[in-house]
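Engineer: start-v4.pdb is reproduced in full below (PDB, C-alpha atoms).
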```
ATOM      1  CA  MET A   4      98.808 102.934 254.252
ATOM      2  CA  SER A   5      98.833 103.465 250.503
ATOM      3  CA  LEU A   6      95.947 105.419 249.044
ATOM      4  CA  GLU A   7      95.341 104.422 245.423
ATOM      5  CA  PRO A   8      92.931 106.179 243.054
ATOM      6  CA  PRO A   9      89.866 104.274 241.868
ATOM      7  CA  GLY A  10      89.381 103.626 238.170
ATOM      8  CA  VAL A  11      91.100 105.107 235.120
ATOM      9  CA  TRP A  12      90.200 108.315 233.307
ATOM     10  CA  ALA A  13      90.057 108.325 229.528
ATOM     11  CA  PRO A  14      91.219 111.936 228.833
ATOM     12  CA  THR A  15      94.895 112.783 229.126
ATOM     13  CA  THR A  16      96.210 114.987 231.905
ATOM     14  CA  ALA A  17      97.167 117.586 229.296
ATOM     15  CA  ASP A  18      93.458 118.458 229.162
ATOM     16  CA  LEU A  19      93.656 119.882 232.678
ATOM     17  CA  ALA A  20      93.715 123.657 233.128
ATOM     18  CA  LEU A  21      95.631 125.162 236.047
ATOM     19  CA  GLN A  22      94.547 128.292 237.916
ATOM     20  CA  ALA A  23      97.462 129.670 239.931
ATOM     21  CA  PHE A  24      96.623 132.208 242.647
ATOM     22  CA  LEU A  25      99.694 134.220 243.632
ATOM     23  CA  LEU A  26      98.515 135.948 246.785
ATOM     24  CA  GLY A  27     100.246 138.019 249.426
ATOM     25  CA  THR A  28      99.772 137.549 253.151
ATOM     26  CA  VAL A  29      96.505 135.735 253.898
ATOM     27  CA  GLU A  30      95.086 134.889 257.319
ATOM     28  CA  PHE A  31      95.256 131.141 257.851
ATOM     29  CA  GLU A  32      91.502 130.705 258.345
ATOM     30  CA  ALA A  33      90.784 132.676 255.169
ATOM     31  CA  ALA A  34      93.255 130.532 253.222
ATOM     32  CA  LEU A  35      91.645 127.377 254.601
ATOM     33  CA  ALA A  36      88.193 128.603 253.572
ATOM     34  CA  LEU A  37      89.558 129.377 250.089
ATOM     35  CA  GLN A  38      91.004 125.879 249.808
ATOM     36  CA  ARG A  39      87.677 124.321 250.778
ATOM     37  CA  ARG A  40      85.908 126.377 248.155
ATOM     38  CA  LEU A  41      88.421 125.358 245.480
ATOM     39  CA  VAL A  42      88.185 121.694 246.541
ATOM     40  CA  TYR A  43      84.424 121.906 246.031
ATOM     41  CA  ASN A  44      84.911 123.481 242.583
ATOM     42  CA  VAL A  45      87.510 120.955 241.426
ATOM     43  CA  ALA A  46      85.466 118.030 242.766
ATOM     44  CA  GLY A  47      82.611 119.234 240.555
ATOM     45  CA  ASP A  48      84.808 119.784 237.492
ATOM     46  CA  ARG A  49      87.800 117.482 237.396
ATOM     47  CA  ASP A  50      89.179 119.127 234.266
ATOM     48  CA  ASN A  51      90.461 121.920 236.531
ATOM     49  CA  ALA A  52      93.310 122.208 239.018
ATOM     50  CA  CYS A  53      94.401 125.041 241.302
ATOM     51  CA  LEU A  54      97.567 126.182 243.000
ATOM     52  CA  VAL A  55      97.491 128.741 245.838
ATOM     53  CA  LEU A  56     100.730 130.451 246.899
ATOM     54  CA  CYS A  57     100.631 132.791 249.891
ATOM     55  CA  GLU A  58     102.151 133.638 253.259
ATOM     56  CA  HIS A  59     100.524 133.588 256.705
ATOM     57  CA  PRO A  60     100.815 135.884 259.734
ATOM     58  CA  PRO A  61     102.658 134.344 262.711
ATOM     59  CA  MET A  62     100.931 131.272 264.149
ATOM     60  CA  ILE A  63     101.492 127.565 264.820
ATOM     61  CA  THR A  64      99.630 124.683 263.195
ATOM     62  CA  VAL A  65      99.705 121.083 264.401
ATOM     63  CA  GLY A  66      99.044 118.281 261.923
ATOM     64  CA  ARG A  67      98.117 114.661 262.489
ATOM     65  CA  GLN A  68     101.665 113.652 263.439
ATOM     66  CA  GLY A  69     102.220 116.631 265.731
ATOM     67  CA  SER A  70     101.583 117.249 269.422
ATOM     68  CA  ARG A  71     101.701 120.041 272.006
ATOM     69  CA  GLY A  72     104.990 118.545 273.185
ATOM     70  CA  HIS A  73     106.638 119.761 269.955
ATOM     71  CA  ILE A  74     106.004 123.381 271.006
ATOM     72  CA  ARG A  75     108.568 124.635 273.512
ATOM     73  CA  PHE A  76     106.863 127.974 274.104
ATOM     74  CA  ASP A  77     104.825 128.471 277.280
ATOM     75  CA  PRO A  78     101.132 129.301 276.636
ATOM     76  CA  GLU A  79     101.669 132.682 278.314
ATOM     77  CA  GLU A  80     104.490 133.557 275.909
ATOM     78  CA  LEU A  81     102.410 132.490 272.913
ATOM     79  CA  PHE A  82      99.632 134.747 274.181
ATOM     80  CA  VAL A  83     102.001 137.705 274.553
ATOM     81  CA  ARG A  84     103.380 137.116 271.062
ATOM     82  CA  GLY A  85      99.861 136.794 269.683
ATOM     83  CA  TRP A  86     100.622 133.418 268.110
ATOM     84  CA  PRO A  87      97.543 131.158 268.035
ATOM     85  CA  VAL A  88      97.898 127.376 267.927
ATOM     86  CA  ARG A  89      95.600 125.613 265.450
ATOM     87  CA  TRP A  90      95.128 121.831 265.116
ATOM     88  CA  VAL A  91      94.527 120.970 261.461
ATOM     89  CA  ASN A  92      93.519 117.934 259.412
ATOM     90  CA  ARG A  93      96.686 117.537 257.374
ATOM     91  CA  GLY A  94      99.590 115.156 257.447
ATOM     92  CA  GLY A  95     102.859 116.207 258.981
ATOM     93  CA  GLY A  96     103.654 117.534 262.405
ATOM     94  CA  CYS A  97     103.965 120.872 264.142
ATOM     95  CA  LEU A  98     104.866 123.946 262.084
ATOM     96  CA  LEU A  99     105.578 127.588 262.824
ATOM     97  CA  HIS A 100     104.288 130.005 260.183
ATOM     98  CA  LEU A 101     106.090 133.332 259.839
ATOM     99  CA  PRO A 102     106.420 136.008 257.156
ATOM    100  CA  GLY A 103     109.015 134.794 254.676
ATOM    101  CA  GLN A 104     107.592 131.271 254.570
ATOM    102  CA  LEU A 105     105.729 130.341 251.383
ATOM    103  CA  ALA A 106     102.572 128.237 251.735
ATOM    104  CA  ILE A 107     102.021 125.986 248.700
ATOM    105  CA  TYR A 108      98.463 124.639 248.388
ATOM    106  CA  PRO A 109      97.767 122.428 245.334
ATOM    107  CA  ILE A 110      94.100 121.593 244.722
ATOM    108  CA  LEU A 111      94.338 118.617 242.357
ATOM    109  CA  PRO A 112      91.921 115.868 241.222
ATOM    110  CA  LEU A 113      94.179 112.961 242.146
ATOM    111  CA  ASP A 114      91.915 110.338 240.581
ATOM    112  CA  ARG A 115      91.832 112.326 237.321
ATOM    113  CA  LEU A 116      95.646 112.403 237.411
ATOM    114  CA  GLU A 117      95.745 108.697 238.299
ATOM    115  CA  LEU A 118      97.854 109.436 241.370
ATOM    116  CA  GLY A 119      97.871 107.678 244.714
ATOM    117  CA  LEU A 120      98.872 109.628 247.795
ATOM    118  CA  GLU A 121     102.460 108.361 247.828
ATOM    119  CA  ASP A 122     103.028 109.220 244.161
ATOM    120  CA  TYR A 123     101.437 112.627 244.631
ATOM    121  CA  LEU A 124     103.724 113.467 247.565
ATOM    122  CA  HIS A 125     106.729 112.277 245.569
ATOM    123  CA  ARG A 126     105.865 114.546 242.621
ATOM    124  CA  LEU A 127     105.283 117.505 244.922
ATOM    125  CA  GLU A 128     108.674 116.924 246.535
ATOM    126  CA  GLU A 129     110.219 116.834 243.058
ATOM    127  CA  VAL A 130     108.654 120.215 242.220
ATOM    128  CA  VAL A 131     110.071 121.929 245.303
ATOM    129  CA  ALA A 132     113.433 120.157 244.937
ATOM    130  CA  ALA A 133     113.691 121.462 241.357
ATOM    131  CA  VAL A 134     113.086 125.002 242.608
ATOM    132  CA  LEU A 135     115.800 124.611 245.251
ATOM    133  CA  ASP A 136     118.164 123.243 242.608
ATOM    134  CA  ASP A 137     117.600 126.391 240.526
ATOM    135  CA  PHE A 138     119.096 128.318 243.436
ATOM    136  CA  SER A 139     122.034 125.894 243.739
ATOM    137  CA  ILE A 140     120.652 124.215 246.861
ATOM    138  CA  ARG A 141     120.902 120.425 246.965
ATOM    139  CA  CYS A 142     118.307 118.818 249.192
ATOM    140  CA  GLN A 143     117.677 115.325 250.546
ATOM    141  CA  THR A 144     114.572 113.252 251.253
ATOM    142  CA  ARG A 145     113.989 110.583 253.892
ATOM    143  CA  ARG A 146     112.174 107.320 253.375
ATOM    144  CA  GLY A 147     108.714 107.350 254.913
ATOM    145  CA  GLN A 148     109.066 110.950 256.103
ATOM    146  CA  PRO A 149     107.739 113.590 253.666
ATOM    147  CA  GLY A 150     109.875 116.707 253.533
ATOM    148  CA  LEU A 151     113.095 118.159 252.144
ATOM    149  CA  TRP A 152     116.267 118.597 254.183
ATOM    150  CA  VAL A 153     119.444 120.575 253.546
ATOM    151  CA  ASN A 154     122.510 119.602 255.583
ATOM    152  CA  GLY A 155     120.278 117.828 258.084
ATOM    153  CA  ARG A 156     117.864 120.737 258.535
ATOM    154  CA  LEU A 157     114.286 120.748 257.300
ATOM    155  CA  ILE A 158     113.673 123.436 254.684
ATOM    156  CA  ALA A 159     110.289 122.351 253.280
ATOM    157  CA  HIS A 160     107.556 120.813 255.449
ATOM    158  CA  PHE A 161     104.981 118.623 253.674
ATOM    159  CA  GLY A 162     101.527 117.826 254.991
ATOM    160  CA  VAL A 163      98.562 117.084 252.737
ATOM    161  CA  ALA A 164      94.887 116.265 253.057
ATOM    162  CA  VAL A 165      92.480 114.673 250.583
ATOM    163  CA  ARG A 166      88.703 115.008 250.229
ATOM    164  CA  ASP A 167      86.726 113.288 247.466
ATOM    165  CA  TRP A 168      90.058 112.480 245.810
ATOM    166  CA  VAL A 169      90.926 116.192 245.650
ATOM    167  CA  SER A 170      94.090 117.325 247.437
ATOM    168  CA  TYR A 171      94.482 120.345 249.672
ATOM    169  CA  PHE A 172      97.064 121.717 252.095
ATOM    170  CA  GLY A 173     100.484 120.774 250.686
ATOM    171  CA  CYS A 174     103.887 122.238 251.512
ATOM    172  CA  TYR A 175     105.549 125.116 253.377
ATOM    173  CA  LEU A 176     108.896 126.358 252.079
ATOM    174  CA  ASN A 177     111.077 128.649 254.167
ATOM    175  CA  ILE A 178     112.400 131.405 251.920
ATOM    176  CA  ASP A 179     113.621 134.029 254.392
ATOM    177  CA  PRO A 180     111.730 133.951 257.724
ATOM    178  CA  ASP A 181     113.268 134.796 261.095
ATOM    179  CA  LEU A 182     114.842 131.442 261.983
ATOM    180  CA  GLU A 183     115.424 132.106 265.684
ATOM    181  CA  PRO A 184     111.909 131.041 266.858
ATOM    182  CA  TYR A 185     112.254 127.723 264.997
ATOM    183  CA  ARG A 186     114.738 126.639 267.656
ATOM    184  CA  ARG A 187     111.762 126.177 269.958
ATOM    185  CA  ILE A 188     109.468 124.353 267.519
ATOM    186  CA  SER A 189     110.125 120.699 266.616
ATOM    187  CA  CYS A 190     108.998 120.972 262.988
ATOM    188  CA  GLY A 191     110.975 117.911 261.898
ATOM    189  CA  GLY A 192     110.170 115.826 264.964
ATOM    190  CA  ALA A 193     111.665 115.436 268.422
ATOM    191  CA  GLY A 194     115.436 115.845 268.530
ATOM    192  CA  GLU A 195     115.659 117.405 265.050
ATOM    193  CA  PRO A 196     117.632 120.646 264.524
ATOM    194  CA  ALA A 197     115.790 123.870 263.772
ATOM    195  CA  MET A 198     114.466 124.559 260.272
ATOM    196  CA  THR A 199     116.625 126.339 257.734
ATOM    197  CA  SER A 200     115.744 128.598 254.782
ATOM    198  CA  LEU A 201     116.679 129.415 251.219
ATOM    199  CA  ALA A 202     118.302 132.667 252.321
ATOM    200  CA  ARG A 203     120.398 130.920 254.979
ATOM    201  CA  GLU A 204     121.628 128.220 252.625
ATOM    202  CA  ARG A 205     122.404 130.708 249.844
ATOM    203  CA  HIS A 206     124.065 133.116 252.302
ATOM    204  CA  GLY A 207     122.008 135.977 250.947
ATOM    205  CA  PRO A 208     118.471 137.257 250.269
ATOM    206  CA  LEU A 209     116.379 136.489 247.205
ATOM    207  CA  ARG A 210     113.082 137.659 245.741
ATOM    208  CA  THR A 211     109.980 135.707 246.760
ATOM    209  CA  ALA A 212     108.410 136.558 243.386
ATOM    210  CA  LEU A 213     111.172 134.655 241.611
ATOM    211  CA  VAL A 214     110.609 131.583 243.789
ATOM    212  CA  ARG A 215     106.869 131.694 243.087
ATOM    213  CA  GLU A 216     107.502 131.980 239.345
ATOM    214  CA  ARG A 217     109.733 128.911 239.376
ATOM    215  CA  LEU A 218     107.195 126.981 241.450
ATOM    216  CA  VAL A 219     104.362 127.599 239.004
ATOM    217  CA  GLU A 220     106.556 126.567 236.065
ATOM    218  CA  TYR A 221     107.792 123.328 237.630
ATOM    219  CA  PHE A 222     104.386 122.499 239.080
ATOM    220  CA  ALA A 223     102.652 122.788 235.702
ATOM    221  CA  ASP A 224     105.397 120.777 234.023
ATOM    222  CA  ARG A 225     105.636 117.958 236.597
ATOM    223  CA  PHE A 226     101.866 117.456 236.760
ATOM    224  CA  HIS A 227     101.518 117.807 232.957
ATOM    225  CA  LEU A 228      99.180 120.820 233.031
ATOM    226  CA  ALA A 229      99.311 122.483 229.621
ATOM    227  CA  ARG A 230      97.264 125.640 230.225
ATOM    228  CA  THR A 231      97.994 127.969 233.148
ATOM    229  CA  SER A 232      96.140 131.118 234.166
ATOM    230  CA  VAL A 233      97.692 133.292 236.869
ATOM    231  CA  PHE A 234      95.638 135.472 239.234
ATOM    232  CA  PHE A 235      96.765 137.831 241.965
ATOM    233  CA  ALA A 236      93.580 137.830 244.060
ATOM    234  CA  HIS A 237      90.409 135.813 244.659
ATOM    235  CA  PRO A 238      86.867 137.148 245.217
ATOM    236  CA  SER A 239      86.349 135.011 248.340
ATOM    237  CA  LEU A 240      89.158 136.922 250.075
ATOM    238  CA  GLY A 241      87.207 140.150 249.825
ATOM    239  CA  THR A 242      89.232 141.503 246.916
ATOM    240  CA  LYS A 243      88.091 141.643 243.325
ATOM    241  CA  ALA A 244      89.930 139.135 241.149
ATOM    242  CA  SER A 245      92.752 140.663 239.155
ATOM    243  CA  THR A 246      91.668 141.749 235.694
ATOM    244  CA  ASN A 247      95.161 141.317 234.298
ATOM    245  CA  ALA A 248      95.315 137.567 234.810
ATOM    246  CA  VAL A 249      98.012 136.066 232.672
ATOM    247  CA  ALA A 250      97.308 133.043 230.488
ATOM    248  CA  ALA A 251     100.538 131.258 229.666
ATOM    249  CA  ARG A 252     101.995 127.939 228.588
ATOM    250  CA  TYR A 253     104.774 126.353 230.629
TER     251      TYR A 253
END
```
Take the structure I supplied and represent it as structure tokens, if you would.
Structural biologist:
Amino acid sequence: MSLEPPGVWAPTTADLALQAFLLGTVEFEAALALQRRLVYNVAGDRDNACLVLCEHPPMITVGRQGSRGHIRFDPEELFVRGWPVRWVNRGGGCLLHLPGQLAIYPILPLDRLELGLEDYLHRLEEVVAAVLDDFSIRCQTRRGQPGLWVNGRLIAHFGVAVRDWVSYFGCYLNIDPDLEPYRRISCGGAGEPAMTSLARERHGPLRTALVRERLVEYFADRFHLARTSVFFAHPSLGTKASTNAVAARY
């Protein structure tokens, strides 16, 4: 079903200001609470947009298209590993979160940007594909199935949610996680091969900071956000916001 934004906004999208939060490892529940807070803020002031980049400790989330059958770990083994399973209100299926996977959470006023859900997902795919291209990785998309694949393996899992025409959740890009456990998680659906990563496809490691930098640049450009402020913490996470936030144009 196509979700189309109501009405047309008079101001141009260049009036939007982007706050990018480049965080480290954040517990999933804390990141979800942060997203909800930012959704509330953006819903009240649609001249703002946010982008949260972080990693999560090991766990499994199951979106609207996922099921317990996509997890080929016994409950006892999950308990021993300390990997909780969390059902979430996002699109997409089952996903394993591990260190080395980058969570990408755009908080955007879709109606202000005059974007329906399909167009929004397409632009977000373009952002991540441009980042992969910077590292000489050519990816593919599939009709009706959000995500990016490299040589038949999923590398970026997409699953979004929308509240009051403000987006949250988003995308998870494997940079350099341990890929062995992905053999037992059907992240791309039943019968799909295990997920891959940037490091695997490049045959070598790379700096996460460089990937985040490219993401912010392409995100601001593709969504036509002229003013970007970068922060390295958020008060709601129990840490004082960074005082050396960088204001930059991309």
Engineer: Give the answer as one residue: which of A:Arg40, A:Arg156, A:Arg187, A:His73 has the shortest atom-to-atom distance to A:His237, using only C-alpha atoms?
Structural biologist: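 Comparing A:Arg40, A:Arg156, A:Arg187, A:His73 against A:His237, the winner is A:Arg40.
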Engineer: List as a Markdown table every residue of stretch 91-136 of chain A that is in contact with stretch 43-66 of chain A, defined as an atom at most 12 Å from one of its atoms (using all atoms listed in the file), together with the nearest atom pair and the distance in Å rounded to one decimal, sorted by chain and then rising number.
Structural biologist:
```
| residue | atom | partner | partner_atom | distance |
| --- | --- | --- | --- | --- |
| A:Val91 | CA | A:Gly66 | CA | 5.3 |
| A:Asn92 | CA | A:Gly66 | CA | 6.1 |
| A:Arg93 | CA | A:Gly66 | CA | 5.2 |
| A:Gly94 | CA | A:Gly66 | CA | 5.5 |
| A:Gly95 | CA | A:Gly66 | CA | 5.2 |
| A:Gly96 | CA | A:Gly66 | CA | 4.7 |
| A:Cys97 | CA | A:Val65 | CA | 4.3 |
| A:Leu98 | CA | A:Thr64 | CA | 5.4 |
| A:Leu99 | CA | A:Ile63 | CA | 4.5 |
| A:His100 | CA | A:Pro61 | CA | 5.3 |
| A:Leu101 | CA | A:Pro61 | CA | 4.6 |
| A:Pro102 | CA | A:Pro60 | CA | 6.2 |
| A:Gly103 | CA | A:Glu58 | CA | 7.1 |
| A:Gln104 | CA | A:Glu58 | CA | 6.1 |
| A:Leu105 | CA | A:Glu58 | CA | 5.2 |
| A:Ala106 | CA | A:Cys57 | CA | 5.3 |
| A:Ile107 | CA | A:Leu56 | CA | 5.0 |
| A:Tyr108 | CA | A:Val55 | CA | 4.9 |
| A:Pro109 | CA | A:Leu54 | CA | 4.4 |
| A:Ile110 | CA | A:Cys53 | CA | 4.9 |
| A:Leu111 | CA | A:Ala52 | CA | 5.0 |
| A:Pro112 | CA | A:Arg49 | CA | 5.9 |
| A:Leu113 | CA | A:Arg49 | CA | 9.1 |
| A:Asp114 | CA | A:Arg49 | CA | 8.8 |
| A:Arg115 | CA | A:Arg49 | CA | 6.5 |
| A:Leu116 | CA | A:Arg49 | CA | 9.3 |
| A:Glu117 | CA | A:Arg49 | CA | 11.9 |
| A:Leu127 | CA | A:Leu54 | CA | 11.8 |
```
Engineer: Could you tell me how far atom CA of A:Glu183 lies from atom CA of A:Glu30, in Å and to one decimal?
Structural biologist: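 Atom-to-atom, atom CA of A:Glu183 to atom CA of A:Glu30, that is 22.2 Å.
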Engineer: Using all atoms listed in the file, which of A:Thr211, A:Leu35, A:Asp122, A:Pro184 sits nearest A:Glu80?
Structural biologist: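 When distances to A:Glu80 are compared using all atoms listed in the file, the smallest one comes from A:Pro184.
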Engineer: Counting all atoms listed in the file, which residue out of A:Met198, A:Leu240, A:Ala229, A:Val134 sits closest to A:Phe31?
Structural biologist: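 Of A:Met198, A:Leu240, A:Ala229, A:Val134, the one nearest A:Phe31, counting all atoms listed in the file, is A:Leu240.
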Engineer: Skip A:Gly241 itself and residues of its chain fewer than 2 positions away, then list as an NGL selection string all residues within 12 Å of it, counting only C-alpha atoms.
Structural biologist: :A and (29 or 33-34 or 37 or 236-239 or 243-244)
Engineer: Grab the atom CA of A:Tyr175 to atom CA of A:Arg215 distance for me, in Å with one decimal place.
Structural biologist: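 Computed distance, atom CA of A:Tyr175 to atom CA of A:Arg215, equals 12.3 Å.
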Engineer: Grab the atom CA of A:Leu151 to atom CA of A:Arg75 distance for me, in Å with one decimal place.
Structural biologist: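 Interatomic distance, atom CA of A:Leu151 to atom CA of A:Arg75: 22.8 Å.
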